[in-house]
Amino acid sequence: MSVESGGASGLYCIQCGSPLPGGSFDAVLSLRCESCGVVSEAATFPALFNGPGWITSGEPLKALDEASCFYHPGKRAATHCDACGRFLCALCEIDLGGRKICPKCMEREKQQGLLTEFVTQRTLYDQIALSLATWPLLSLVFFYLSVVTAPMALYIAVRYWTASPSLVPRSKIRFIIAGLFALLEIGGWTALLIHKVG
Amino acid sequence: MTYTRLPGKRKGFFRKWTLWLGDNHLLAVESNYFTESYKHFDLKGIQAITFCPTSGYKVRNIVYAAALAVFGFLLLVLPGHSIFLVLITCAGLAFSILSLINNLRKGPTCSCRLKMDLATHELPSLCRFRYGRKTLAIIRPLVLEHQRDLLSGRQETTAGVMDSAMFAAVGGAAPDLRPTWQEQPAHCGGQVHIVAFSLLLLAAALRLGQLYPRVSSLFLIPDLIVNCALVMALLTALARQHGRTLAPTAGALPWCALIFCLASYMFDYVFCFMQFFLRGFRPKPGMTWIDLYHAVAASGAFSHPLLLKAHICFIAVTGALGFWGLGAVMSGRRLDREPQSRVPRQPETL
């Protein structure tokens with residue numbers, strides 16, 4: 001079960017960059033770098049040994065009665081798009097989370113924000129609201145800034161309440177705490193203003 | 001899409017790295033307090049995960065041990081009248097001990113790389129071998145499951161790179177997923193554990209001696225020395241048992257003993273000092289830490305009912321832990337000497 005995994009498609013030592021000796025995907029291996037002597041642990045998977053060969057450009061039509069790709073009429077249809085139903089060749093088939101879709105549907109869903117696979121960054125509005133509500137109080141010296149930051153925190157908490165803050169599970173507790181702090185601060189400043197004016 | 005948090009987390013001053021498992025991909029999250037950046041790794045495209053040891057573990061151990069030694073030395077030589085300095089030193093000592101224990105608990109550090117089709121990415125969240133192995137144990141079967149079609153011979157492979165025996169094994173036979181690191185050498189007989197548990201018994205005996213007012217002062221300094229040695233022995237035992245095969249009870253008892261001892265020492269010293277100073281004692285100029293310790297400890301276990309109860313509790317618990325630990329280690333040693341065939345090996349499948 002051993003293969004040569006060093007070289008063009010193989011593993012390299014993290015320390016010195018030299019190719020590591022052979023390995024296999026049936027176990028987690030301890031590989032000693034022959035150059036620097038560092039022992040690395042590696043788990044290899046079948047994709048490592050498949051190389052770029054799995055990328056296919058689609059088979060040409062062999063008979064006239066065969067279904068052809070919507071985008072490449074000269075190529076045989078391998079599947080259909082799960083979104084629009086068009087026939088697709090192996091080149092046009094895009095596998096996204098188990099769904100097979102065509103490039104146009106992918107582009108459309110990407111623009112609509114339906115594909116989380118393409119989300120690379122999110123703003124944490126709950127964290128911003130919480131910071132605006134609490135930092136002026138925690139700093140003690142700059143507590144008077146809460147005149148401005150408290151309404152801002154409340155606005156952000158309300159405005160982005162339904163917005164998904166993160167791809168990974170995250171509770172709304174920060175929004176709740178930020179909103180409560182902001183309301184208390186606004187109430188305090190209002191009471192102080194009334195007291196001064198009165 | 002639902003995500004499950006995988007073991008391992010790395011924290012910087014303003015950044016945090018975590019790793020999550022989705023339905024068909026890994027999600028590496030880098031949090032910058034106000035934003036989060038994501039990297040998706042399709043399980044189908046993962047080619048290899050490598051862990052390379054780094055020196056962070058050793059460096060941190062040396063730094064914390066040095067801090068521990070410095071604070072310990074300061075605690076012994078500081079004059080008694082600067083009680084504020086003593087408290088600061090105690091805080092530093094406690095911080096060093098806790099940091100050292102935490103580092104020992106987390107284990108050796110590593111750098112983790114994830115090799116995909118086109119590039120190799122670093123996974124900062126898997127910065128310890130311990131978390132890396134746990135994560136790998138979770139995701140490895142899933143990756144193999146997602147790449148099963150690559151094994152079935154459907155796709156072309158580069159000639160000469162893949163062994164034909166590999167394909168022959170795919171027809172239904174599941175690869176052996178047992179990580180090789182489980183085949184670690186057995187624990188070194190548990191000698192350090194035996195020393196640590198023996199010291200526990202000795203500490204219990206010395207505390208028992210302090211209950212006799214006429215001879216209690218004789219046990220003070222030996223008690224201090226044995227307690228220090230006990231903590232060091234327990235820390236060493238914890239360091240040595242990391243990643244080794246040891247009976248589960250024998251492996252867990254040092255943790256219990258260390259936590260109990262540290263909590264007990266903290267209570268004793270804080271309570272003793274509180275009692276002492278509340279009674280109106282004021283340290284004299286030029287009084288050393290040892291003199292102060294003698295003066296405080298000379299009040300004995302009978303100075304307060306709560307202190308007496310704590311003493312008896314310490315004797316009972318350390319005695320029990322000592323006997324229990326020695327028994328567990330000894331039984332583990334006997335098991336090691338028995339023939340291998342008696343221990344059934346559980347086969348693992350996909």
# chains A, B, ... in the order shown; residues from 1 in each chain; ligands from 1
$ residues_around --residues "stretch 114-119 of chain A" --least-positions-apart "6" --cutoff "10 Å" --atoms "only C-alpha atoms" --output "PDB file with C-alpha atoms, in the first residue's frame"
ATOM      1  CA  LEU A  96     -21.427  22.607  -4.880  1.00  0.00           C
ATOM      2  CA  GLY A  97     -22.278  20.944  -1.613  1.00  0.00           C
ATOM      3  CA  MET A 106     -23.730  29.482  -9.882  1.00  0.00           C
ATOM      4  CA  GLU A 107     -23.030  33.086 -10.870  1.00  0.00           C
ATOM      5  CA  ARG A 108     -26.675  34.039 -10.308  1.00  0.00           C
ATOM      6  CA  LEU A 167     -21.490  31.528   9.144  1.00  0.00           C
TER       7      LEU A 167
ATOM      8  CA  MET B   1     -25.778  24.735   6.715  1.00  0.00           C
ATOM      9  CA  HIS B  25     -16.339  20.861   3.882  1.00  0.00           C
ATOM     10  CA  LEU B  27     -14.424  25.929   7.488  1.00  0.00           C
ATOM     11  CA  SER B  37     -12.740  35.648   7.494  1.00  0.00           C
ATOM     12  CA  TYR B  38     -13.538  32.220   6.137  1.00  0.00           C
ATOM     13  CA  LYS B  39     -11.732  29.575   4.162  1.00  0.00           C
ATOM     14  CA  HIS B  40     -13.686  26.639   2.782  1.00  0.00           C
ATOM     15  CA  PHE B  41     -11.971  23.310   2.243  1.00  0.00           C
ATOM     16  CA  ASP B  42     -14.027  20.758   0.347  1.00  0.00           C
TER      17      ASP B  42
END
$ residues_around --residues "A:Leu124" --least-positions-apart "2" --cutoff "12 Å" --atoms "only C-alpha atoms" --output "ChimeraX atom specification"
/A:121-122,126-131,156-157,160-161,163-168,170-172,174-175 /B:31-37
$ residues_around --residues "A:Ala133" --least-positions-apart "6" --cutoff "7 Å" --atoms "only C-alpha atoms" --output "list in words"
Thr149, Ala150, Ala153, Ala178, Phe181 and Ala182 of chain A
$ write_last_selection --atoms "N, CA and C atoms" --output "CSV table (one decimal), in the first residue's frame"
chain,number,residue,atom,x,y,z
A,149,THR,N,-22.3,57.1,21.6
A,149,THR,CA,-22.1,55.6,21.2
A,149,THR,C,-23.4,54.8,21.6
A,150,ALA,N,-24.1,55.2,22.6
A,150,ALA,CA,-25.3,54.4,23.0
A,150,ALA,C,-26.4,54.4,22.0
A,153,ALA,N,-25.1,52.2,19.2
A,153,ALA,CA,-25.2,50.8,19.5
A,153,ALA,C,-26.6,50.3,19.4
A,178,ALA,N,-26.0,44.5,24.3
A,178,ALA,CA,-25.7,45.8,23.8
A,178,ALA,C,-27.0,46.7,23.8
A,181,PHE,N,-27.7,47.7,27.5
A,181,PHE,CA,-26.7,48.7,28.0
A,181,PHE,C,-27.0,50.1,27.3
A,182,ALA,N,-27.3,50.0,26.0
A,182,ALA,CA,-27.6,51.3,25.3
A,182,ALA,C,-28.8,52.0,25.9
$ closest_residue --among "B:Thr2, B:Lys9, B:Leu306, B:Met274" --to "B:Thr135" --atoms "only C-alpha atoms"
B:Lys9
$ closest_residue --among "B:Val195, B:Leu144, B:Leu19, B:Leu87" --to "chain A" --atoms "only C-alpha atoms"
B:Leu144
$ residues_around --residues "stretch 74-86 of chain A" --least-positions-apart "4" --cutoff "12 Å" --atoms "only C-alpha atoms" --output "PyMOL selection string"
chain A and resi 56-70+90-109
$ select_by_dssp --residues "stretch 41-196 of chain A" --states "strand (DSSP E or B)" --output "count of residues only"
21
$ select_by_dssp --residues "stretch 88-163 of chain B" --states "alpha helix (DSSP H)" --output "ChimeraX atom specification"
/B:88-106,129-146,148-151
$ write_last_selection --atoms "C-alpha atoms" --output "PDB file, in the first residue's frame"
ATOM      1  CA  ILE B  88       2.465  40.045  44.379  1.00  0.00           C
ATOM      2  CA  THR B  89       5.029  37.234  44.389  1.00  0.00           C
ATOM      3  CA  CYS B  90       2.354  34.725  45.426  1.00  0.00           C
ATOM      4  CA  ALA B  91       0.185  35.891  42.545  1.00  0.00           C
ATOM      5  CA  GLY B  92       3.124  35.519  40.159  1.00  0.00           C
ATOM      6  CA  LEU B  93       3.875  32.080  41.538  1.00  0.00           C
ATOM      7  CA  ALA B  94       0.260  30.978  41.134  1.00  0.00           C
ATOM      8  CA  PHE B  95       0.169  32.365  37.604  1.00  0.00           C
ATOM      9  CA  SER B  96       3.397  30.536  36.690  1.00  0.00           C
ATOM     10  CA  ILE B  97       2.135  27.238  38.123  1.00  0.00           C
ATOM     11  CA  LEU B  98      -1.219  27.529  36.367  1.00  0.00           C
ATOM     12  CA  SER B  99       0.431  28.477  33.065  1.00  0.00           C
ATOM     13  CA  LEU B 100       2.850  25.557  33.365  1.00  0.00           C
ATOM     14  CA  ILE B 101       0.034  23.113  34.148  1.00  0.00           C
ATOM     15  CA  ASN B 102      -2.015  24.491  31.275  1.00  0.00           C
ATOM     16  CA  ASN B 103       0.895  24.117  28.862  1.00  0.00           C
ATOM     17  CA  LEU B 104       1.585  20.571  30.066  1.00  0.00           C
ATOM     18  CA  ARG B 105      -2.083  19.720  29.713  1.00  0.00           C
ATOM     19  CA  LYS B 106      -2.274  21.001  26.144  1.00  0.00           C
ATOM     20  CA  PHE B 129      -0.673  17.743  18.422  1.00  0.00           C
ATOM     21  CA  ARG B 130      -3.396  16.897  20.892  1.00  0.00           C
ATOM     22  CA  TYR B 131      -6.032  18.924  19.055  1.00  0.00           C
ATOM     23  CA  GLY B 132      -4.686  17.868  15.678  1.00  0.00           C
ATOM     24  CA  ARG B 133      -5.055  14.193  16.513  1.00  0.00           C
ATOM     25  CA  LYS B 134      -8.546  14.694  17.894  1.00  0.00           C
ATOM     26  CA  THR B 135      -9.591  16.637  14.817  1.00  0.00           C
ATOM     27  CA  LEU B 136      -8.019  14.125  12.483  1.00  0.00           C
ATOM     28  CA  ALA B 137      -9.821  11.270  14.233  1.00  0.00           C
ATOM     29  CA  ILE B 138     -13.097  13.065  13.468  1.00  0.00           C
ATOM     30  CA  ILE B 139     -12.526  14.213   9.909  1.00  0.00           C
ATOM     31  CA  ARG B 140     -10.416  11.380   8.517  1.00  0.00           C
ATOM     32  CA  PRO B 141     -13.274   8.877   8.095  1.00  0.00           C
ATOM     33  CA  LEU B 142     -15.414  11.645   6.579  1.00  0.00           C
ATOM     34  CA  VAL B 143     -12.747  12.620   4.051  1.00  0.00           C
ATOM     35  CA  LEU B 144     -12.218   8.995   3.069  1.00  0.00           C
ATOM     36  CA  GLU B 145     -15.967   8.581   2.724  1.00  0.00           C
ATOM     37  CA  HIS B 146     -16.203  11.633   0.442  1.00  0.00           C
ATOM     38  CA  ARG B 148     -14.477   6.861  -1.934  1.00  0.00           C
ATOM     39  CA  ASP B 149     -15.363   7.390  -5.603  1.00  0.00           C
ATOM     40  CA  LEU B 150     -11.766   8.379  -6.295  1.00  0.00           C
ATOM     41  CA  LEU B 151     -10.730   4.967  -5.035  1.00  0.00           C
TER      42      LEU B 151
END
$ closest_residue --among "B:Pro305, B:Gly322, B:Gly72, B:Gly22" --to "chain A" --atoms "only C-alpha atoms"
B:Gly22
$ residues_around --residues "stretch 311-317 of chain B" --least-positions-apart "6" --cutoff "9 Å" --atoms "only C-alpha atoms" --output "PDB file with C-alpha atoms, in the first residue's frame"
ATOM      1  CA  LEU B 201       1.111   9.422  51.565  1.00  0.00           C
ATOM      2  CA  ALA B 203       2.417  14.465  53.069  1.00  0.00           C
ATOM      3  CA  ALA B 204      -0.623  12.933  54.751  1.00  0.00           C
ATOM      4  CA  ALA B 205       1.614  11.420  57.434  1.00  0.00           C
ATOM      5  CA  LEU B 206       3.395  14.744  58.083  1.00  0.00           C
ATOM      6  CA  ARG B 207       0.080  16.556  58.361  1.00  0.00           C
ATOM      7  CA  LEU B 208      -1.022  13.893  60.805  1.00  0.00           C
ATOM      8  CA  GLN B 210       1.181  18.328  62.983  1.00  0.00           C
ATOM      9  CA  LEU B 211      -1.998  17.480  64.839  1.00  0.00           C
ATOM     10  CA  ALA B 257      -4.193  15.180  43.396  1.00  0.00           C
ATOM     11  CA  PHE B 260      -6.688  19.217  45.407  1.00  0.00           C
ATOM     12  CA  CYS B 261      -3.210  19.923  46.782  1.00  0.00           C
ATOM     13  CA  SER B 264      -5.622  23.007  49.856  1.00  0.00           C
ATOM     14  CA  ASP B 268      -4.281  26.872  54.267  1.00  0.00           C
ATOM     15  CA  ALA B 301      -4.016  23.241  63.281  1.00  0.00           C
TER      16      ALA B 301
END
$ closest_residue --among "B:Arg5, B:Val29, B:Ala119, B:Leu76" --to "A:Thr120" --atoms "only C-alpha atoms"
B:Val29
